[in-house]
Structures are given as C-alpha cells and as structure tokens.
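Okay, structure first, notes after.
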Amino acid sequence: MNVLVYDNEEQIGIAAGNYMCGQVLAKPDSVLGLATGSTPLKPYGHMIKLYEQGAVDFSKVTTFNLDEYYPISRDNAQSYYYFMNEHFYSKVNLKPENIHIPNGQTDDVEAECSEYDALIEQSGGIDLQILGIGQNGHIGFNEPDSSLNSATHLTELSKSTIEANARFFDNEADVPKYALTMGMSTILKARKIVLLASGKSKHKALSELFDNSINTSVPATMLKIHPDVVVICDKEAYDGIDK
C-alpha cells in the first residue's frame with residue numbers, strides 16, 4: 001500500500017485527478033469506479049479542467065458508482081446520481097449509456113444488485129476504483145459489522161454514517177436509512193484502488209486502516225489484501241500515523 005501525503009485538499013484533488021486521467025490516457029476505454037461525497041469533488045474538478053483543456057477524452061470510458069441511497073429517485077437533489085451528474089457526468093464527454101449507478105428506485109433489490117455485479121464483469125472489470133473512507137472506517141456503504149456482504153447489496157446505514165451525511169440534507173431525519181452498495185469483494189476486484197482521505201475527521205479511520213489487522217469492524221482494513229492500493233491524503237488526516 002503506497003501513501004502519498006499532501007499539504008491540503010487542493011493538492012489531493014490535483015494528484016488524484018491526474019492519477020485518474022493518467023489511467024484514461026493509458027487506456028482510453030478504461031472502466032472507472034467512482035465515489036460520491038465531498039472528498040472526490042476536488043479530483044473530479046481537476047479531471048473536468050483537464051478535459052476542458054483537451055488533455056483527456058472520456059468518450060470511451062465506462063463508469064460504475066459505488067453506491068446509491070435507497071429508496072430515492074434520480075431527480076432527487078440528494079441522490080448520488082444527481083450529485084454525480086451535477087459535479088462530473090454532465091461536465092465531460094461521457095456517453096450516457098456508459099454511466100452506471102445502482103437504481104435507488106428498483107422494485108427488486110436482489111435482481112438490481114446481481115445485475116449490477118454482472119454488468120461490471122461484462123464490462124471487463126473495473127480498472128481503477130476511487131474510494132473515500134468513512135469516519136467509522138466504512139468503504140462505500142460497507143458498514144462495520146461481524147461479517148461483510150461480498151457482493152453488491154442493500155445495507156442499513158449506521159447511526160454515525162447518517163449523522164455524517166446529515167449535512168447534505170435539511171435535517172438528519174431526511175437522510176435515507178438504507179443504501180445499495182458494492183460489496184467488498186466487488187470493490188477488491190478492481191485492478192487498482194485509490195483511497196482518498198482529508199481532514200482531522202478522517203485521522204482516526206486512517207489510523208485504524210494502518211494499525212489494525214484485517215477485520216470487518218473496520219471495513220477499510222480489507223484493502224490490505226489488495227495488491228495495488230494508493231492512499232492519497234493530507235497532513236491533517238495522516239500526521240502521527242506510523243505506517
């Protein structure tokens with residue numbers, strides 16, 4: 001596991017954006033795994049800037065997002081589809097048919113989840129997966145538990161995750177209690193993984209990633225079994241950690 005430490009979130013955004021665009025330049029038809037939330041915003045912004053400069057072309061790229069709230073409609077301003085369209089999909093030349101995100105309105109959760117995993121496989125697998133890390137060490141919406149579901153699945157969000165996400169809603173009661181998320185096995189099948197962490201609020205989770213043995217109570221520790229993980233973080237998240 002390689003670690004790159006930068007001074008601030010702006011530098012993280014440039015480094016991670018360059019990393020993602022480098023993947024596309026090396027393989028124009030790359031399959032990218034994308035994450036939602038505040039941490040990836042800077043990388044997406046840098047990727048958009050490089051696209052606008054003509055430095056990268058996303059027309060052959062396929063994307064799969066990690067997760068989506070459930071139940072929620074795509075036109076809901078708090079849905080992850082809406083967020084991604086607002087901040088990335090609509091800003092570059094991705095083809096709509098190449099954009100994939102779990103359907104938060106599905107009537108058949110089990111079928112939606114199995115079809116999502118099958119579609120990733122049919123696309124050749126994810127070349128590069130970008131991840132954030134939750135304050136409790138969750139990855140995607142794989143929450144700490146005695147065991148983890150390996151495939152894409154419906155999960156109940158922990159109280160700490162609901163509280164952390166409440167800032168995006170009018171009040172905490174409006175935060176969905178469930179989500180559709182890639183499972184850890186699905187995530188770990190990606191050929192490369194980039195984990196982003198910034199700010200003091202992520203210091204504890206990052207410490208647990210490096211200090212703890214592999215265990216399901218800190219889902220991020222599962223990344224230790226992957227052969228190609230890069231952690232891109234800032235000093236606030238990393239300082240004091242003895243890797």
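In the structure tokens, chains take letters A, B, ... by order of appearance, with residues numbered from 1 within each chain and ligands from 1 in the order shown.
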Name the residues of segment 83-210 of chain A that fall into strand (DSSP E) according to DSSP on the backbone, using the chain letters and numbers of this document, as an NGL selection string. :A and (99-100 or 128-131 or 153-156 or 178-181 or 192-197)
Residues within 10 Å of Thr161 of chain A, only C-alpha atoms, excluding chain neighbours under 3 positions, as JSON, numbers by chain: {"A": [134, 135, 136, 138, 141, 143, 157, 158, 164, 165, 166, 175, 177]}
Within 6 Å of segment 226-240 of chain A using only C-alpha atoms, minus same-chain residues under 3 positions, as number ranges by chain: A: 1-8, 192-200, 202-203, 223
Polymer residues at most 12 Å from segment 47-52 of chain A, only C-alpha atoms, same-chain spacing of 2 or more positions, as an MDAnalysis selection string: chainID A and resid 13:25 40:45 54:59 86:94
Serialized selection, C-alpha atoms, as a PDB file, in the first residue's frame:
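Everything below was put into part.pdb:
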```pdb
ATOM      1  CA  GLY A  13      -7.515  16.864  -5.864  1.00  0.00           C
ATOM      2  CA  ILE A  14      -4.760  17.556  -8.376  1.00  0.00           C
ATOM      3  CA  ALA A  15      -2.860  14.360  -7.517  1.00  0.00           C
ATOM      4  CA  ALA A  16      -5.918  12.103  -7.603  1.00  0.00           C
ATOM      5  CA  GLY A  17      -7.326  13.793 -10.709  1.00  0.00           C
ATOM      6  CA  ASN A  18      -4.024  13.305 -12.502  1.00  0.00           C
ATOM      7  CA  TYR A  19      -3.962   9.668 -11.405  1.00  0.00           C
ATOM      8  CA  MET A  20      -7.446   9.022 -12.752  1.00  0.00           C
ATOM      9  CA  CYS A  21      -6.772  10.850 -16.021  1.00  0.00           C
ATOM     10  CA  GLY A  22      -3.465   9.014 -16.379  1.00  0.00           C
ATOM     11  CA  GLN A  23      -5.415   5.765 -16.319  1.00  0.00           C
ATOM     12  CA  VAL A  24      -7.654   7.035 -19.139  1.00  0.00           C
ATOM     13  CA  LEU A  25      -4.693   8.238 -21.184  1.00  0.00           C
ATOM     14  CA  PRO A  40     -13.818  13.233  -4.513  1.00  0.00           C
ATOM     15  CA  LEU A  41     -15.108  16.672  -5.538  1.00  0.00           C
ATOM     16  CA  LYS A  42     -11.630  18.171  -5.945  1.00  0.00           C
ATOM     17  CA  PRO A  43     -10.359  15.248  -8.077  1.00  0.00           C
ATOM     18  CA  TYR A  44     -13.469  15.449 -10.279  1.00  0.00           C
ATOM     19  CA  GLY A  45     -12.965  19.180 -10.623  1.00  0.00           C
ATOM     20  CA  GLY A  54      -8.232  18.922 -24.273  1.00  0.00           C
ATOM     21  CA  ALA A  55      -5.781  16.826 -22.271  1.00  0.00           C
ATOM     22  CA  VAL A  56      -8.090  13.836 -21.768  1.00  0.00           C
ATOM     23  CA  ASP A  57     -11.031  12.235 -23.570  1.00  0.00           C
ATOM     24  CA  PHE A  58     -13.755  10.336 -21.690  1.00  0.00           C
ATOM     25  CA  SER A  59     -15.813   9.279 -24.722  1.00  0.00           C
ATOM     26  CA  GLU A  86     -24.124  17.852 -11.305  1.00  0.00           C
ATOM     27  CA  HIS A  87     -20.425  17.572 -10.498  1.00  0.00           C
ATOM     28  CA  PHE A  88     -18.970  15.248 -13.129  1.00  0.00           C
ATOM     29  CA  TYR A  89     -21.128  13.310 -15.618  1.00  0.00           C
ATOM     30  CA  SER A  90     -22.523  16.411 -17.336  1.00  0.00           C
ATOM     31  CA  LYS A  91     -19.168  18.234 -17.377  1.00  0.00           C
ATOM     32  CA  VAL A  92     -17.232  15.769 -19.538  1.00  0.00           C
ATOM     33  CA  ASN A  93     -17.947  13.754 -22.684  1.00  0.00           C
ATOM     34  CA  LEU A  94     -19.005  10.511 -21.032  1.00  0.00           C
TER      35      LEU A  94
END
```
Spatial neighbours of segment 78-80 of chain A, 12 Å, only C-alpha atoms, chain gap at least 5 places, as number ranges by chain: A: 34-38, 64-73, 85-89, 100-105, 165-170, 174-176, 179-181
If you keep N, CA, C and O atoms, can you produce a file of those selected residues as a compact mmCIF listing (two decimals), in the first residue's frame?
```txt
# COMPACT_ATOMS: atom_id res chain seq x y z
N LEU A 34 -16.31 5.00 -9.47
CA LEU A 34 -16.39 6.34 -8.91
C LEU A 34 -17.06 6.35 -7.54
O LEU A 34 -17.88 5.48 -7.22
N ALA A 35 -16.72 7.35 -6.75
CA ALA A 35 -17.29 7.50 -5.41
C ALA A 35 -17.97 8.85 -5.30
O ALA A 35 -17.65 9.79 -6.04
N THR A 36 -18.90 8.94 -4.38
CA THR A 36 -19.63 10.19 -4.15
C THR A 36 -19.22 10.76 -2.79
O THR A 36 -18.64 10.06 -1.97
N GLY A 37 -19.52 12.02 -2.57
CA GLY A 37 -19.19 12.65 -1.29
C GLY A 37 -18.30 13.86 -1.51
O GLY A 37 -17.92 14.18 -2.64
N SER A 38 -17.94 14.51 -0.43
CA SER A 38 -17.17 15.75 -0.53
C SER A 38 -15.73 15.50 -0.94
O SER A 38 -15.12 16.30 -1.66
N PHE A 64 -18.75 3.10 -13.15
CA PHE A 64 -19.64 2.44 -12.19
C PHE A 64 -19.49 3.13 -10.85
O PHE A 64 -18.39 3.24 -10.33
N ASN A 65 -20.60 3.62 -10.31
CA ASN A 65 -20.53 4.24 -9.00
C ASN A 65 -20.68 3.22 -7.89
O ASN A 65 -21.36 2.21 -8.03
N LEU A 66 -20.04 3.51 -6.78
CA LEU A 66 -20.02 2.61 -5.64
C LEU A 66 -21.40 2.34 -5.05
O LEU A 66 -21.70 1.21 -4.65
N ASP A 67 -22.23 3.36 -4.97
CA ASP A 67 -23.43 3.22 -4.17
C ASP A 67 -24.49 4.25 -4.52
O ASP A 67 -24.25 5.19 -5.28
N GLU A 68 -25.67 4.04 -3.94
CA GLU A 68 -26.79 4.98 -4.07
C GLU A 68 -27.71 4.78 -2.88
O GLU A 68 -27.88 3.66 -2.37
N TYR A 69 -28.28 5.86 -2.40
CA TYR A 69 -29.28 5.77 -1.34
C TYR A 69 -30.46 4.93 -1.82
O TYR A 69 -30.71 4.81 -3.02
N TYR A 70 -31.21 4.37 -0.84
CA TYR A 70 -32.41 3.61 -1.17
C TYR A 70 -33.44 3.78 -0.07
O TYR A 70 -33.11 3.63 1.11
N PRO A 71 -34.71 4.07 -0.44
CA PRO A 71 -35.16 4.38 -1.80
C PRO A 71 -34.97 5.88 -2.08
O PRO A 71 -35.13 6.71 -1.19
N ILE A 72 -34.67 6.19 -3.34
CA ILE A 72 -34.52 7.59 -3.75
C ILE A 72 -34.60 7.66 -5.28
O ILE A 72 -34.18 6.73 -5.97
N SER A 73 -35.16 8.74 -5.79
CA SER A 73 -35.26 8.91 -7.23
C SER A 73 -34.04 9.64 -7.77
O SER A 73 -33.38 10.39 -7.04
N ASN A 85 -24.10 13.70 -11.60
CA ASN A 85 -24.42 14.40 -12.84
C ASN A 85 -24.10 15.88 -12.73
O ASN A 85 -23.57 16.49 -13.66
N GLU A 86 -24.37 16.43 -11.55
CA GLU A 86 -24.12 17.85 -11.30
C GLU A 86 -22.63 18.18 -11.30
O GLU A 86 -22.20 19.22 -11.80
N HIS A 87 -21.84 17.27 -10.74
CA HIS A 87 -20.43 17.57 -10.50
C HIS A 87 -19.45 16.88 -11.44
O HIS A 87 -18.27 17.23 -11.45
N PHE A 88 -19.92 15.91 -12.24
CA PHE A 88 -18.97 15.25 -13.13
C PHE A 88 -19.58 14.77 -14.45
O PHE A 88 -19.12 15.16 -15.51
N TYR A 89 -20.59 13.90 -14.39
CA TYR A 89 -21.13 13.31 -15.62
C TYR A 89 -21.39 14.35 -16.71
O TYR A 89 -20.99 14.17 -17.86
N HIS A 100 -23.05 4.15 -15.09
CA HIS A 100 -23.82 3.18 -14.30
C HIS A 100 -23.78 3.55 -12.82
O HIS A 100 -22.73 3.88 -12.27
N ILE A 101 -24.95 3.46 -12.19
CA ILE A 101 -25.09 3.71 -10.76
C ILE A 101 -26.27 2.88 -10.29
O ILE A 101 -27.24 2.71 -11.03
N PRO A 102 -26.21 2.27 -9.11
CA PRO A 102 -27.34 1.46 -8.66
C PRO A 102 -28.65 2.24 -8.69
O PRO A 102 -28.69 3.44 -8.41
N ASN A 103 -29.72 1.54 -9.04
CA ASN A 103 -31.04 2.16 -9.18
C ASN A 103 -31.73 2.26 -7.83
O ASN A 103 -32.20 1.26 -7.28
N GLY A 104 -31.80 3.46 -7.31
CA GLY A 104 -32.40 3.69 -6.00
C GLY A 104 -33.91 3.58 -5.98
O GLY A 104 -34.54 3.73 -4.93
N GLN A 105 -34.52 3.32 -7.13
CA GLN A 105 -35.98 3.17 -7.21
C GLN A 105 -36.39 1.76 -7.58
O GLN A 105 -37.57 1.51 -7.84
N ASN A 165 -23.71 12.26 7.16
CA ASN A 165 -24.32 12.66 5.90
C ASN A 165 -25.44 13.68 6.08
O ASN A 165 -25.94 14.21 5.09
N ALA A 166 -25.83 13.94 7.32
CA ALA A 166 -26.94 14.85 7.58
C ALA A 166 -26.67 16.26 7.06
O ALA A 166 -27.61 17.00 6.75
N ARG A 167 -25.38 16.61 6.94
CA ARG A 167 -25.05 17.98 6.48
C ARG A 167 -25.52 18.23 5.04
O ARG A 167 -25.64 19.38 4.62
N PHE A 168 -25.79 17.16 4.30
CA PHE A 168 -26.24 17.32 2.92
C PHE A 168 -27.76 17.44 2.82
O PHE A 168 -28.30 17.68 1.75
N PHE A 169 -28.46 17.26 3.94
CA PHE A 169 -29.91 17.29 3.96
C PHE A 169 -30.40 18.43 4.86
O PHE A 169 -29.64 19.01 5.61
N ASP A 170 -31.72 18.72 4.76
CA ASP A 170 -32.29 19.78 5.61
C ASP A 170 -32.19 19.41 7.08
O ASP A 170 -31.95 20.27 7.93
N ASP A 174 -34.19 13.37 7.37
CA ASP A 174 -34.38 13.21 5.92
C ASP A 174 -33.35 12.27 5.29
O ASP A 174 -33.50 11.88 4.13
N VAL A 175 -32.29 11.94 6.00
CA VAL A 175 -31.26 11.06 5.45
C VAL A 175 -31.83 9.65 5.28
O VAL A 175 -32.37 9.09 6.25
N PRO A 176 -31.74 9.06 4.08
CA PRO A 176 -32.21 7.68 3.91
C PRO A 176 -31.50 6.74 4.87
O PRO A 176 -30.34 6.94 5.23
N ALA A 179 -29.03 1.94 1.77
CA ALA A 179 -28.33 2.23 0.53
C ALA A 179 -28.02 0.94 -0.21
O ALA A 179 -27.91 -0.14 0.40
N LEU A 180 -27.88 1.05 -1.52
CA LEU A 180 -27.36 -0.04 -2.35
C LEU A 180 -25.87 0.23 -2.52
O LEU A 180 -25.48 1.34 -2.87
N THR A 181 -25.04 -0.75 -2.25
CA THR A 181 -23.60 -0.53 -2.30
C THR A 181 -22.86 -1.73 -2.87
O THR A 181 -23.28 -2.88 -2.68
```
From the list A:Asn215, A:Ser123, A:Gln129, A:Ser207, which residue is nearest Arg191 of chain A when using only C-alpha atoms?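 Of the candidates, the smallest distance to Arg191 of chain A is held by A:Gln129.
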So how many Å separate atom CA of Lys189 of chain A and atom CA of Lys224 of chain A, to one decimal? 13.0 Å
Between atom CA of Thr62 of chain A and atom CA of Asn98 of chain A, what is the distance in Å, rounded to a tenth?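 Taking atom CA of Thr62 of chain A and atom CA of Asn98 of chain A, their separation equals 4.7 Å.
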Gap from atom CA of Tyr116 of chain A to atom CA of Met182 of chain A - Å, one decimal: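 Distance between the two atoms: 8.7 Å.
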